[in-house]
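*Asks:* Got a structure for you, target25.pdb, holding PDB, C-alpha atoms and all ligand atoms.
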ATOM      1  CA  MET A  29     114.007  59.162 141.769
ATOM      2  CA  ARG A  30     111.065  61.512 141.797
ATOM      3  CA  HIS A  31     113.220  64.625 141.514
ATOM      4  CA  ILE A  32     115.066  63.165 138.525
ATOM      5  CA  LEU A  33     111.779  62.694 136.702
ATOM      6  CA  LEU A  34     110.813  66.234 137.583
ATOM      7  CA  LEU A  35     114.088  67.538 136.163
ATOM      8  CA  ALA A  36     113.513  65.568 132.959
ATOM      9  CA  ALA A  37     110.103  67.148 132.675
ATOM     10  CA  LEU A  38     111.593  70.597 133.090
ATOM     11  CA  LEU A  39     114.205  69.981 130.417
ATOM     12  CA  ALA A  40     111.749  68.552 127.914
ATOM     13  CA  PRO A  41     110.199  70.937 125.422
ATOM     14  CA  LEU A  42     106.872  72.249 126.580
ATOM     15  CA  PRO A  43     104.783  72.604 123.449
ATOM     16  CA  SER A  44     101.898  74.158 125.326
ATOM     17  CA  LEU A  45     104.089  77.015 126.518
ATOM     18  CA  ALA A  46     106.247  77.383 123.421
ATOM     19  CA  GLN A  47     105.839  80.334 121.093
ATOM     20  CA  THR A  48     103.962  79.790 117.897
ATOM     21  CA  ALA A  49     105.802  77.900 115.150
ATOM     22  CA  PRO A  50     108.495  79.911 113.400
ATOM     23  CA  VAL A  51     107.620  81.834 110.291
ATOM     24  CA  GLU A  52     109.344  80.235 107.316
ATOM     25  CA  VAL A  53     111.462  82.565 105.204
ATOM     26  CA  SER A  54     112.204  81.166 101.758
ATOM     27  CA  GLN A  55     114.053  82.335  98.656
ATOM     28  CA  PRO A  56     115.405  85.584 100.059
ATOM     29  CA  TRP A  57     117.389  87.660  97.582
ATOM     30  CA  ALA A  58     118.557  91.185  97.064
ATOM     31  CA  ARG A  59     119.331  93.056  93.884
ATOM     32  CA  ALA A  60     122.846  94.292  93.345
ATOM     33  CA  THR A  61     122.971  98.086  93.578
ATOM     34  CA  PRO A  62     124.437  99.886  90.587
ATOM     35  CA  GLY A  63     127.578 101.971  91.119
ATOM     36  CA  HIS A  64     127.777 103.525  94.536
ATOM     37  CA  GLY A  65     124.056 103.292  95.171
ATOM     38  CA  THR A  66     122.994 103.436  98.820
ATOM     39  CA  THR A  67     119.461 102.146  98.320
ATOM     40  CA  GLY A  68     118.632  98.476  97.892
ATOM     41  CA  ALA A  69     115.702  96.102  97.896
ATOM     42  CA  VAL A  70     115.226  92.628  99.355
ATOM     43  CA  TYR A  71     112.617  90.118  98.255
ATOM     44  CA  LEU A  72     111.495  86.902  99.934
ATOM     45  CA  THR A  73     108.553  84.664 100.726
ATOM     46  CA  LEU A  74     107.059  84.256 104.203
ATOM     47  CA  ILE A  75     104.793  81.494 105.470
ATOM     48  CA  ALA A  76     103.300  81.596 108.955
ATOM     49  CA  HIS A  77     103.148  77.930 109.949
ATOM     50  CA  GLY A  78     101.711  78.590 113.398
ATOM     51  CA  THR A  79      98.801  80.936 113.686
ATOM     52  CA  ALA A  80      98.209  83.945 111.494
ATOM     53  CA  ASP A  81     100.856  86.528 112.338
ATOM     54  CA  THR A  82     102.094  89.975 111.357
ATOM     55  CA  LEU A  83     105.502  91.004 110.088
ATOM     56  CA  THR A  84     106.238  94.081 112.158
ATOM     57  CA  GLY A  85     109.843  94.986 111.560
ATOM     58  CA  ILE A  86     113.044  94.411 109.637
ATOM     59  CA  SER A  87     116.609  95.160 110.568
ATOM     60  CA  THR A  88     120.005  94.598 108.995
ATOM     61  CA  PRO A  89     123.533  95.596 109.916
ATOM     62  CA  ALA A  90     124.086  96.333 106.199
ATOM     63  CA  ALA A  91     121.969  99.496 106.098
ATOM     64  CA  GLU A  92     120.845 102.365 108.284
ATOM     65  CA  MET A  93     117.179 101.668 107.658
ATOM     66  CA  ALA A  94     115.057  98.777 106.451
ATOM     67  CA  MET A  95     111.438  99.511 105.626
ATOM     68  CA  LEU A  96     108.415  97.631 104.378
ATOM     69  CA  HIS A  97     107.328  99.135 101.090
ATOM     70  CA  GLU A  98     104.736  98.425  98.495
ATOM     71  CA  THR A  99     104.852  99.687  94.934
ATOM     72  CA  ARG A 100     101.378 100.697  93.801
ATOM     73  CA  MET A 101     100.194 102.076  90.510
ATOM     74  CA  GLU A 102      98.224 105.273  90.857
ATOM     75  CA  ASN A 103      97.017 106.945  87.666
ATOM     76  CA  GLY A 104      99.675 105.112  85.725
ATOM     77  CA  VAL A 105     102.446 106.251  88.064
ATOM     78  CA  ALA A 106     104.304 103.791  90.266
ATOM     79  CA  LYS A 107     104.339 105.015  93.858
ATOM     80  CA  MET A 108     106.039 103.548  96.897
ATOM     81  CA  VAL A 109     103.918 103.296 100.013
ATOM     82  CA  MET A 110     105.383 102.545 103.440
ATOM     83  CA  LEU A 111     103.642  99.785 105.404
ATOM     84  CA  ASP A 112     103.655  99.466 109.199
ATOM     85  CA  GLY A 113     103.158  95.738 109.143
ATOM     86  CA  ILE A 114     102.220  92.948 106.818
ATOM     87  CA  ASP A 115      99.561  90.412 107.736
ATOM     88  CA  LEU A 116     100.568  86.806 107.275
ATOM     89  CA  PRO A 117      97.574  84.484 106.982
ATOM     90  CA  GLN A 118      98.085  80.998 108.393
ATOM     91  CA  HIS A 119      99.864  78.687 105.913
ATOM     92  CA  VAL A 120      99.499  81.111 102.993
ATOM     93  CA  PRO A 121     102.754  82.239 101.309
ATOM     94  CA  VAL A 122     103.222  86.007 101.211
ATOM     95  CA  THR A 123     105.708  86.965  98.511
ATOM     96  CA  PHE A 124     107.765  90.113  98.217
ATOM     97  CA  LYS A 125     108.836  90.726  94.636
ATOM     98  CA  PRO A 126     109.890  93.491  92.267
ATOM     99  CA  GLY A 127     107.017  95.843  91.460
ATOM    100  CA  ALA A 128     105.075  94.794  94.562
ATOM    101  CA  MET A 129     105.907  94.469  98.255
ATOM    102  CA  HIS A 130     109.597  94.770  99.000
ATOM    103  CA  ILE A 131     111.981  95.484 101.820
ATOM    104  CA  MET A 132     113.669  98.776 101.089
ATOM    105  CA  LEU A 133     117.138  99.371 102.449
ATOM    106  CA  THR A 134     118.386 102.932 102.702
ATOM    107  CA  GLY A 135     121.782 104.122 103.813
ATOM    108  CA  LEU A 136     123.587 100.978 102.670
ATOM    109  CA  LYS A 137     127.013 100.873 104.286
ATOM    110  CA  GLN A 138     128.400  99.496 101.045
ATOM    111  CA  PRO A 139     126.867  98.776  97.645
ATOM    112  CA  LEU A 140     125.311  95.318  97.305
ATOM    113  CA  LYS A 141     127.515  93.306  94.958
ATOM    114  CA  ALA A 142     126.305  90.249  93.053
ATOM    115  CA  GLY A 143     127.688  87.141  94.732
ATOM    116  CA  GLY A 144     127.722  88.779  98.159
ATOM    117  CA  SER A 145     125.148  88.526 100.900
ATOM    118  CA  LEU A 146     123.642  90.431 103.781
ATOM    119  CA  THR A 147     122.005  89.447 107.051
ATOM    120  CA  LEU A 148     118.403  90.375 107.696
ATOM    121  CA  THR A 149     116.314  89.936 110.853
ATOM    122  CA  LEU A 150     112.535  89.852 110.634
ATOM    123  CA  SER A 151     110.304  90.459 113.664
ATOM    124  CA  PHE A 152     106.756  89.271 114.127
ATOM    125  CA  THR A 153     103.913  89.918 116.542
ATOM    126  CA  LEU A 154     103.757  86.299 117.721
ATOM    127  CA  ALA A 155     106.576  84.205 116.269
ATOM    128  CA  ALA A 156     110.189  84.569 117.358
ATOM    129  CA  PRO A 157     112.414  86.797 115.200
ATOM    130  CA  VAL A 158     114.076  85.068 112.248
ATOM    131  CA  THR A 159     117.518  85.961 110.897
ATOM    132  CA  VAL A 160     118.369  84.951 107.344
ATOM    133  CA  SER A 161     121.315  85.344 105.007
ATOM    134  CA  VAL A 162     120.202  87.083 101.827
ATOM    135  CA  PRO A 163     122.218  86.405  98.666
ATOM    136  CA  VAL A 164     122.773  89.330  96.320
ATOM    137  CA  LEU A 165     121.866  88.603  92.699
ATOM    138  CA  ALA A 166     122.786  90.551  89.571
ATOM    139  CA  ALA A 167     121.073  93.909  89.066
ATOM    140  CA  GLY A 168     118.905  92.605  86.211
ATOM    141  CA  SER A 169     117.869  89.428  88.014
ATOM    142  CA  ALA A 170     114.235  88.489  88.386
ATOM    143  CA  GLY A 171     114.960  86.270  91.387
ATOM    144  CA  PRO A 172     116.444  82.933  92.418
ATOM    145  CA  GLN A 173     116.162  80.216  89.761
ATOM    146  CA  GLY A 174     114.813  82.810  87.408
ATOM    147  CA  ALA A 175     111.943  83.216  89.890
ATOM    148  CA  ALA A 176     108.798  81.176  89.785
ATOM    149  CA  PRO A 177     106.326  82.383  87.175
ATOM    150  CA  GLU A 178     104.123  84.977  88.817
ATOM    151  CA  HIS A 179     100.931  83.801  87.204
ATOM    152  CA  ASP A 180     100.771  80.681  85.130
ATOM    153  CA  MET A 181      97.604  81.406  83.202
ATOM    154  CA  THR A 182      97.578  77.949  81.651
ATOM    155  CA  LYS A 183      96.898  76.495  85.103
ATOM    156  CA  MET A 184      94.237  78.998  86.040
ATOM    157  CA  GLN A 185      90.709  77.862  85.542
TER     158      GLN A 185
HETATM  159 CU    CU A 201     110.690 100.968  98.235
END
Let's see the structure in the file written out as structure tokens.
*Replies:*
Amino acid sequence: MRHILLLAALLAPLPSLAQTAPVEVSQPWARATPGHGTTGAVYLTLIAHGTADTLTGISTPAAEMAMLHETRMENGVAKMVMLDGIDLPQHVPVTFKPGAMHIMLTGLKQPLKAGGSLTLTLSFTLAAPVTVSVPVLAAGSAGPQGAAPEHDMTKMQ
């Protein structure tokens, strides 16, 4: 009897030894690439539900390279800056969106077509990697469901 209880204990989840809670990936989307374009961008929102974490890498079978980029304005000129990692504060959504942080795909194996999708794997310092399916939206799209308003000034006090 004792060894059966021991086995049950071994099979039960061990919260104390488990990795930190998974990072939630919500509303991923990519913009359709015009023509035969080989460069694309993916946007999404991340929430670290465990401890604070860091997004350290991105990979996809759809492109040769996936990089973390941020578009910054410098002297009125939009510049893309490559980031090594992105800090994810605990429980605070971090949003990638057009004109700001984005995941840049270069060397796309085929153009991203609206209605299609691609698979993306995100790696973190602490949490286990997460693989998501990213729907491709029309080239002019601002995001899923028309995207949440970026800043609702009427609610800001
Ligand atoms: Cu970029």
*Asks:* Return as a PyMOL selection string the residues of protein, DNA or RNA that approach ligand CU 201 (chain A) to within 6 Å, with all atoms listed in the file taken into account.
*Replies:* chain A and resi 97+108+132
*Asks:* On this structure, the PyMOL selection byres (((chain A and resi 83) around 7) and not hetatm) would catch which residues? List them as a list in words, sorted by chain and number.
*Replies:*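 After applying the PyMOL selection byres (((chain A and resi 83) around 7) and not hetatm), what remains is Asp81, Thr82, Thr84, Gly85, Gly113, Ile114, Asp115, Ser151, Phe152 and Thr153 of chain A.
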*Asks:* In the coordinates of the file, take the point (107.6, 82.5, 99.7) and a cut-off of 10 Å; then, counting only C-alpha atoms, name each qualifying protein, DNA or RNA residue as a PyMOL selection string.
*Replies:* chain A and resi 52-56+71-75+120-125
*Asks:* In Å, how far is it from CA of Gly171 (chain A) to CA of Ala106 (chain A)?
*Replies:*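 Separation between CA of Gly171 (chain A) and CA of Ala106 (chain A): 20.5 Å.
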*Asks:* Report the distance between CA of Ser145 (chain A) and CA of Met110 (chain A) in Å, rounded to one decimal place.
*Replies:*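 Straight-line distance from CA of Ser145 (chain A) to CA of Met110 (chain A) works out to 24.4 Å.
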*Asks:* Of the residues A:Val70, A:Ala90, A:Leu150, A:Leu116, which is the one nearest to Ile131 (chain A), using all atoms listed in the file?
*Replies:*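 When distances to Ile131 (chain A) are compared using all atoms listed in the file, the smallest one comes from A:Val70.
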*Asks:* Quote the spacing between CA of Gly78 (chain A) and CA of Met95 (chain A) in Å to one decimal place.
*Replies:*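 Taking CA of Gly78 (chain A) as the start and CA of Met95 (chain A) as the end point, the length is 24.3 Å.
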